[in-house]
Structure formats: structure tokens, C-alpha cells
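Q: Data file run-v2.txt (compact mmCIF, C-alpha atoms and all ligand atoms) is appended below.
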# COMPACT_ATOMS: atom_id res chain seq x y z
CA MET T 1 161.92 160.97 7.68
CA THR T 2 161.65 163.37 4.77
CA VAL T 3 160.82 167.08 4.62
CA HIS T 4 157.07 166.38 4.54
CA ILE T 5 156.68 162.79 5.77
CA GLY T 6 157.61 161.80 9.33
CA ALA T 7 157.48 158.01 8.83
CA LYS T 8 160.57 156.05 9.82
CA PRO T 9 162.32 153.92 7.19
CA GLY T 10 160.24 150.80 6.60
CA GLU T 11 157.02 152.33 7.93
CA ILE T 12 155.63 153.05 4.43
CA ALA T 13 154.32 150.04 2.47
CA GLU T 14 155.17 149.35 -1.18
CA THR T 15 151.52 149.99 -2.00
CA VAL T 16 150.16 153.44 -1.22
CA LEU T 17 146.60 154.71 -1.61
CA LEU T 18 146.40 158.49 -1.96
CA PRO T 19 143.20 160.31 -1.06
CA GLY T 20 143.42 164.12 -1.26
CA ASP T 21 141.83 164.56 2.16
CA PRO T 22 143.89 163.40 5.18
CA TYR T 23 140.70 162.66 7.14
CA ARG T 24 139.61 160.32 4.38
CA ALA T 25 142.96 158.58 4.76
CA LYS T 26 142.11 158.10 8.45
CA TRP T 27 138.59 156.89 7.70
CA ALA T 28 139.73 154.46 4.99
CA ALA T 29 142.55 153.07 7.15
CA GLU T 30 140.25 152.56 10.14
CA THR T 31 137.50 151.04 7.97
CA PHE T 32 139.44 148.71 5.67
CA LEU T 33 142.81 147.94 7.29
CA THR T 34 143.83 146.01 10.40
CA ASP T 35 146.84 146.65 12.66
CA VAL T 36 146.67 150.31 11.68
CA LYS T 37 149.50 152.63 12.69
CA LEU T 38 149.67 156.41 12.22
CA VAL T 39 152.95 156.95 10.32
CA ASN T 40 152.71 160.61 9.35
CA GLU T 41 151.14 163.72 10.81
CA VAL T 42 153.51 166.41 9.49
CA ARG T 43 151.32 169.41 8.55
CA GLY T 44 148.26 167.32 9.47
CA MET T 45 148.67 165.34 6.22
CA LEU T 46 147.82 162.07 7.91
CA GLY T 47 149.27 158.75 6.72
CA PHE T 48 148.52 155.27 8.07
CA THR T 49 150.05 151.87 7.44
CA GLY T 50 148.10 148.67 8.07
CA THR T 51 147.15 145.33 6.57
CA TRP T 52 144.49 144.38 4.03
CA ASN T 53 143.96 140.65 3.31
CA GLY T 54 147.47 139.95 4.57
CA ASN T 55 149.04 142.71 2.44
CA ARG T 56 150.75 145.83 3.82
CA VAL T 57 149.21 149.10 2.64
CA THR T 58 149.81 152.76 3.40
CA ILE T 59 147.01 155.28 3.01
CA GLN T 60 148.56 158.76 2.81
CA GLY T 61 146.79 162.09 2.23
CA SER T 62 148.11 163.92 -0.84
CA GLY T 63 146.46 167.31 -0.34
CA MET T 64 144.58 169.11 -3.10
CA GLY T 65 146.14 169.86 -6.47
CA MET T 66 149.16 168.62 -8.38
CA PRO T 67 151.85 170.69 -6.57
CA SER T 68 150.81 169.16 -3.23
CA LEU T 69 150.50 165.61 -4.59
CA SER T 70 153.86 166.00 -6.32
CA ILE T 71 155.63 166.64 -3.01
CA TYR T 72 154.20 163.53 -1.34
CA VAL T 73 154.63 161.25 -4.36
CA ASN T 74 158.23 162.37 -4.97
CA GLU T 75 159.11 161.57 -1.34
CA LEU T 76 157.10 158.31 -1.29
CA ILE T 77 158.96 157.09 -4.37
CA LYS T 78 162.47 158.44 -3.82
CA ASP T 79 162.77 158.10 -0.03
CA TYR T 80 160.41 155.21 0.80
CA ASP T 81 160.54 153.28 -2.50
CA ALA T 82 156.75 153.11 -2.97
CA LYS T 83 156.04 150.93 -6.01
CA THR T 84 152.28 151.04 -6.54
CA LEU T 85 150.47 154.36 -6.05
CA ILE T 86 146.70 154.63 -6.44
CA ARG T 87 144.84 157.90 -6.12
CA ILE T 88 141.38 157.56 -4.57
CA GLY T 89 139.35 160.75 -4.72
CA SER T 90 136.39 162.61 -6.06
CA CYS T 91 135.80 164.22 -9.43
CA GLY T 92 133.24 166.28 -11.29
CA GLY T 93 131.32 164.44 -14.05
CA MET T 94 131.58 165.90 -17.57
CA GLN T 95 129.47 163.54 -19.71
CA PRO T 96 125.71 162.92 -19.64
CA GLN T 97 126.17 159.16 -19.09
CA VAL T 98 128.45 159.78 -16.08
CA LYS T 99 126.23 160.04 -13.00
CA VAL T 100 126.91 161.21 -9.48
CA ARG T 101 128.06 158.17 -7.37
CA ASP T 102 129.51 156.40 -10.43
CA VAL T 103 133.17 155.44 -10.43
CA ILE T 104 135.65 156.63 -13.08
CA ILE T 105 138.83 154.67 -13.69
CA ALA T 106 141.20 157.08 -15.41
CA MET T 107 143.01 155.63 -18.41
CA THR T 108 144.60 159.02 -19.21
CA ALA T 109 144.77 162.40 -17.48
CA SER T 110 144.98 165.52 -19.67
CA THR T 111 146.23 168.86 -18.33
CA ILE T 112 146.91 172.45 -19.30
CA ASN T 113 149.78 172.51 -16.86
CA SER T 114 151.41 170.38 -14.18
CA PRO T 115 154.52 170.52 -11.97
CA SER T 116 156.19 168.46 -14.74
CA SER T 117 155.34 170.92 -17.53
CA GLY T 118 158.73 172.61 -17.08
CA ILE T 119 160.43 169.39 -18.21
CA PHE T 120 158.29 168.84 -21.28
CA LYS T 121 158.24 172.41 -22.64
CA GLU T 122 156.56 172.20 -26.08
CA PHE T 123 155.96 168.44 -25.84
CA ASN T 124 152.36 167.42 -25.08
CA TYR T 125 153.03 164.36 -22.93
CA ALA T 126 150.02 162.05 -22.43
CA PRO T 127 150.01 160.79 -18.81
CA CYS T 128 148.46 157.32 -18.69
CA ALA T 129 147.63 154.69 -16.07
CA ASP T 130 149.41 151.40 -15.54
CA TYR T 131 147.52 148.92 -17.71
CA GLY T 132 147.70 145.99 -15.26
CA LEU T 133 146.25 148.09 -12.43
CA LEU T 134 143.62 149.53 -14.76
CA ALA T 135 142.47 146.12 -15.97
CA ALA T 136 142.38 144.74 -12.42
CA ALA T 137 140.37 147.74 -11.20
CA VAL T 138 137.86 147.35 -14.03
CA ASN T 139 137.42 143.66 -13.12
CA ALA T 140 137.00 144.51 -9.42
CA ALA T 141 134.44 147.24 -10.20
CA GLN T 142 132.48 144.90 -12.49
CA ALA T 143 132.47 142.14 -9.87
CA LYS T 144 131.07 144.62 -7.33
CA GLY T 145 128.40 145.78 -9.78
CA THR T 146 129.55 149.42 -9.45
CA ASP T 147 128.51 151.70 -12.32
CA THR T 148 131.94 152.40 -13.78
CA HIS T 149 133.37 154.42 -16.67
CA VAL T 150 136.87 153.95 -18.08
CA GLY T 151 138.55 156.65 -20.14
CA GLY T 152 140.22 160.05 -20.12
CA ILE T 153 139.92 162.61 -17.35
CA TYR T 154 141.15 166.18 -16.95
CA SER T 155 143.49 167.20 -14.11
CA SER T 156 142.84 170.88 -13.52
CA ASP T 157 144.81 173.44 -11.53
CA VAL T 158 141.64 175.20 -10.45
CA PHE T 159 138.47 174.14 -8.68
CA TYR T 160 136.76 177.47 -9.41
CA ASP T 161 137.07 177.26 -13.15
CA GLU T 162 136.77 180.32 -15.41
CA ARG T 163 137.00 178.50 -18.76
CA PRO T 164 133.55 177.13 -19.69
CA ASP T 165 134.69 177.12 -23.34
CA LEU T 166 137.49 174.68 -22.50
CA ASN T 167 135.14 172.42 -20.53
CA GLU T 168 132.92 172.36 -23.60
CA GLN T 169 135.80 171.20 -25.80
CA MET T 170 136.79 168.55 -23.30
CA THR T 171 133.24 167.22 -23.09
CA ARG T 172 133.14 167.20 -26.88
CA HIS T 173 136.33 165.12 -26.89
CA GLY T 174 135.05 162.50 -24.46
CA ILE T 175 136.69 163.59 -21.20
CA LEU T 176 134.71 161.82 -18.47
CA GLY T 177 135.47 163.98 -15.44
CA VAL T 178 137.64 166.62 -13.81
CA GLU T 179 139.82 166.40 -10.71
CA MET T 180 143.12 168.00 -9.72
CA GLU T 181 145.87 165.38 -9.15
CA ALA T 182 146.03 162.33 -11.45
CA ALA T 183 148.15 163.73 -14.32
CA GLU T 184 151.12 164.50 -12.08
CA LEU T 185 150.78 161.12 -10.33
CA TYR T 186 150.87 159.30 -13.70
CA THR T 187 153.82 161.39 -14.89
CA LEU T 188 155.92 160.74 -11.78
CA ALA T 189 155.09 157.02 -11.89
CA ALA T 190 156.27 156.88 -15.51
CA ARG T 191 159.46 158.81 -14.70
CA TYR T 192 160.43 156.48 -11.85
CA GLU T 193 159.04 153.25 -13.37
CA ARG T 194 156.28 152.76 -10.80
CA ARG T 195 152.67 151.67 -11.22
CA ALA T 196 149.91 154.28 -10.87
CA LEU T 197 146.15 154.52 -11.23
CA ALA T 198 143.36 156.90 -10.24
CA VAL T 199 139.99 155.51 -9.12
CA LEU T 200 137.51 158.34 -8.67
CA THR T 201 133.99 158.74 -7.34
CA VAL T 202 131.81 161.28 -9.16
CA SER T 203 130.85 163.71 -6.39
CA ASP T 204 129.24 166.41 -8.55
CA HIS T 205 128.32 167.06 -12.15
CA LEU T 206 129.41 170.09 -14.16
CA GLN T 207 126.44 170.07 -16.54
CA THR T 208 123.57 169.04 -14.27
CA GLY T 209 124.82 170.75 -11.09
CA GLU T 210 123.88 167.60 -9.12
CA ALA T 211 126.07 166.89 -6.09
CA LEU T 212 126.48 163.86 -3.83
CA PRO T 213 124.66 164.44 -0.53
CA SER T 214 127.09 164.27 2.39
CA THR T 215 125.18 161.25 3.83
CA ASP T 216 126.03 159.22 0.71
CA ARG T 217 129.67 160.20 0.48
CA GLU T 218 131.01 157.56 2.83
CA ARG T 219 129.37 154.59 1.08
CA SER T 220 130.40 155.69 -2.40
CA PHE T 221 133.91 156.42 -1.18
CA GLY T 222 134.08 152.92 0.33
CA ASP T 223 133.38 151.21 -3.02
CA MET T 224 136.29 153.12 -4.54
CA VAL T 225 138.69 152.12 -1.73
CA GLU T 226 137.77 148.44 -2.16
CA ILE T 227 138.25 148.64 -5.93
CA ALA T 228 141.68 150.24 -5.42
CA LEU T 229 142.76 147.61 -2.86
CA GLN T 230 141.57 144.73 -5.04
CA ALA T 231 143.40 146.21 -8.06
CA ALA T 232 146.64 146.67 -6.10
CA PHE T 233 146.78 143.07 -4.89
CA ASN T 234 145.23 141.31 -7.86
N1 LIG T 301 136.65 170.34 -10.35
C1 LIG T 301 137.86 169.95 -9.92
N2 LIG T 301 138.03 169.00 -9.05
C2 LIG T 301 136.95 168.36 -8.57
C3 LIG T 301 135.67 168.70 -8.97
C4 LIG T 301 135.51 169.74 -9.92
O1 LIG T 301 134.39 170.09 -10.32
N3 LIG T 301 134.80 167.91 -8.29
C5 LIG T 301 135.53 167.09 -7.51
N4 LIG T 301 136.84 167.35 -7.68
What is this structure when it is put down as C-alpha cells?
A:
Amino acid sequence: MTVHIGAKPGEIAETVLLPGDPYRAKWAAETFLTDVKLVNEVRGMLGFTGTWNGNRVTIQGSGMGMPSLSIYVNELIKDYDAKTLIRIGSCGGMQPQVKVRDVIIAMTASTINSPSSGIFKEFNYAPCADYGLLAAAVNAAQAKGTDTHVGGIYSSDVFYDERPDLNEQMTRHGILGVEMEAAELYTLAARYERRALAVLTVSDHLQTGEALPSTDRERSFGDMVEIALQAAFN
């Protein structure tokens, strides 16, 4: 047990999928895993461990934003020795070719600020994905026929953004989408020599205002979970 995770030693798998929403963790575990066991419910941040294709997997909610994710990922790595951590979540599209329902596989995650900024001070660290996981996820997405984009994303500290000028510059510099967690995940994975990746479903679009209807969310989310699982055990 840690401060925020109630799992007993050994109850967390080496491979952990991290949706922001704890109820998505429940849905994904019940949909894709067998022999599922609830291993955490501290603060309602549900975590489940089960089996996928003979491999042990934990699906643990991370909460929204980098400070919340940082707590869970620090404890998963330092106390449970998680080795492969894959964020599965939604993002806002920032390029015209990126459509709602498409998948983004994040090669890099830019930030203004993260829980790790205090370490770096004036250094602009470039958080990046594990290349092996990234390549395996791209192959899995292509095999599924999912419309997929690979490139840089932006991990924001705010959902209700007040900097349209900054979004404009990011779009101009090829940023594919915005979410709120990946940069800190990539930074912690680098610090502790773990593998990390973010596989994201585009749920809304900043320029067009289009949003995924709630009826479609489950199916699109499912593609992303399968891509993440296939990448983890490639
Ligand atoms: N901003 C930040 N995070 C998000 C968004 C967004 O527009 N959409 C989905 N996650």
C-alpha cells in the first residue's frame, strides 16, 4: 500500500495502462481483460489488474492533469516497480488533418509547465515517448486500419484555455493535439528508466468545434485500448 494506492505488493502488473477517468479504467478492464480484480479504490481512483492474451496488465486511473498523474506514476514506479506505462485518453485536435475519432500517438509532449519544471529550471527538456512502444503502437494502429497521426502533442495545465495566441503558435509548429498528462508521464519514465507512451483519441477539435458524440465514445476508446495493449506486448 502507498499513500494513494491500496494495492498489496504484487497486485500491480509490470504493464500499466493509465486512463484519466477511473470509470474508463473499469470499463476497459471489464471489456478487454480476464480474471479482473479491483486492486485500488482509494479516493475512487479505481485500478484493476487482469490478464490480456496471457499477459498481466493493470489499468489504473490517473486523474486529470499532470499533478494528479504524477502522484500515481511516482507510486506505480517507486513502490510497485511498474516498467511499462501507457496513457490512454482523449485529446483536442489542433491540425486540420486531425479529425475527431482519429488516434494520435504522441512522439513528444511539449509543456509550459509540469510538476518536473522545478528540476529543470531554465532547461527546456523535451519529453519523448519510448521508441519501441511508439513503433509497435503505429504498427498495431495500421493493422487495425485506424486513422492515426504520429507526432508532437501539447500537455496543458488548463482545460479552459485563455491563450488562443499560444494555440495558434503550436498549430503553426505542427502540434497535433492537446491533453493534460503525457509530458509528466514521459519525464518520469525517463527519470526512472521506464518505458512510456501516450495513445490518444481525438474527442474534440479546437478549430472546428466538433466533438465526439457520447454514443461514439466507447467504440473509439476501445480502438485505443487495443492499440495500447498490442504495443505493450509486441
Ligand atoms: N484541452 C485539454 N485537454 C483535452 C482537451 C482539450 O481541448 N480535449 C480533450 N482533452
Q: Please determine, counting only C-alpha atoms, which residue among T:Ala29, T:Met45, T:Ala228, T:Leu166 has the shortest atom-to-atom distance to T:Met64.
A: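 So, comparing all the options, the nearest one is T:Met45.
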Q: Determine the nearest neighbour of T:Ile86 from the options T:Gly174, T:Pro115, T:Pro19, T:Gly54, counting all atoms listed in the file.
A: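 The shortest atom-to-atom distance to T:Ile86 comes from T:Pro19.
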Q: Between T:Leu46, T:Val39, T:Ile112, T:Ile153, which has the minimum distance to T:Gln95 (counting only C-alpha atoms)?
A: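 Going through T:Leu46, T:Val39, T:Ile112, T:Ile153 one by one, the smallest distance to T:Gln95 is for T:Ile153.
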Q: If you count all atoms listed in the file, which residues fall within 10 Å of stretch 175-179 of chain T, apart from same-chain ones fewer than 2 positions away, as a ChimeraX atom specification?
A: /T:64-66,89-98,104-106,108-111,149-159,167-173,181-183,200-202,204-206
Q: For ligand LIG 301 (chain T), which residue among T:Gly50, T:Gly118, T:Gly20, T:Gly145 is the nearest when counting only C-alpha atoms and all ligand atoms?
A: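 Once distances to ligand LIG 301 (chain T) are computed over only C-alpha atoms and all ligand atoms, the minimum belongs to T:Gly20.
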Q: Measuring between all atoms listed in the file, which one of T:Asp147, T:Asp165, T:Asp81, T:Glu210 shows the shortest distance to ligand LIG 301 (chain T)?
A: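 So, comparing all the options, the nearest one is T:Glu210.
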Q: For T:Arg43, please output as a list in words all residues within 12 Å (counting only C-alpha atoms; exclusion window: fewer than 4 positions along the same chain).
A: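 Result of the neighbour search: Val3, His4, Ile5, Gly6, Pro22, Gly47, Gly61, Ser62, Gly63, Ser68 and Tyr72 of chain T.
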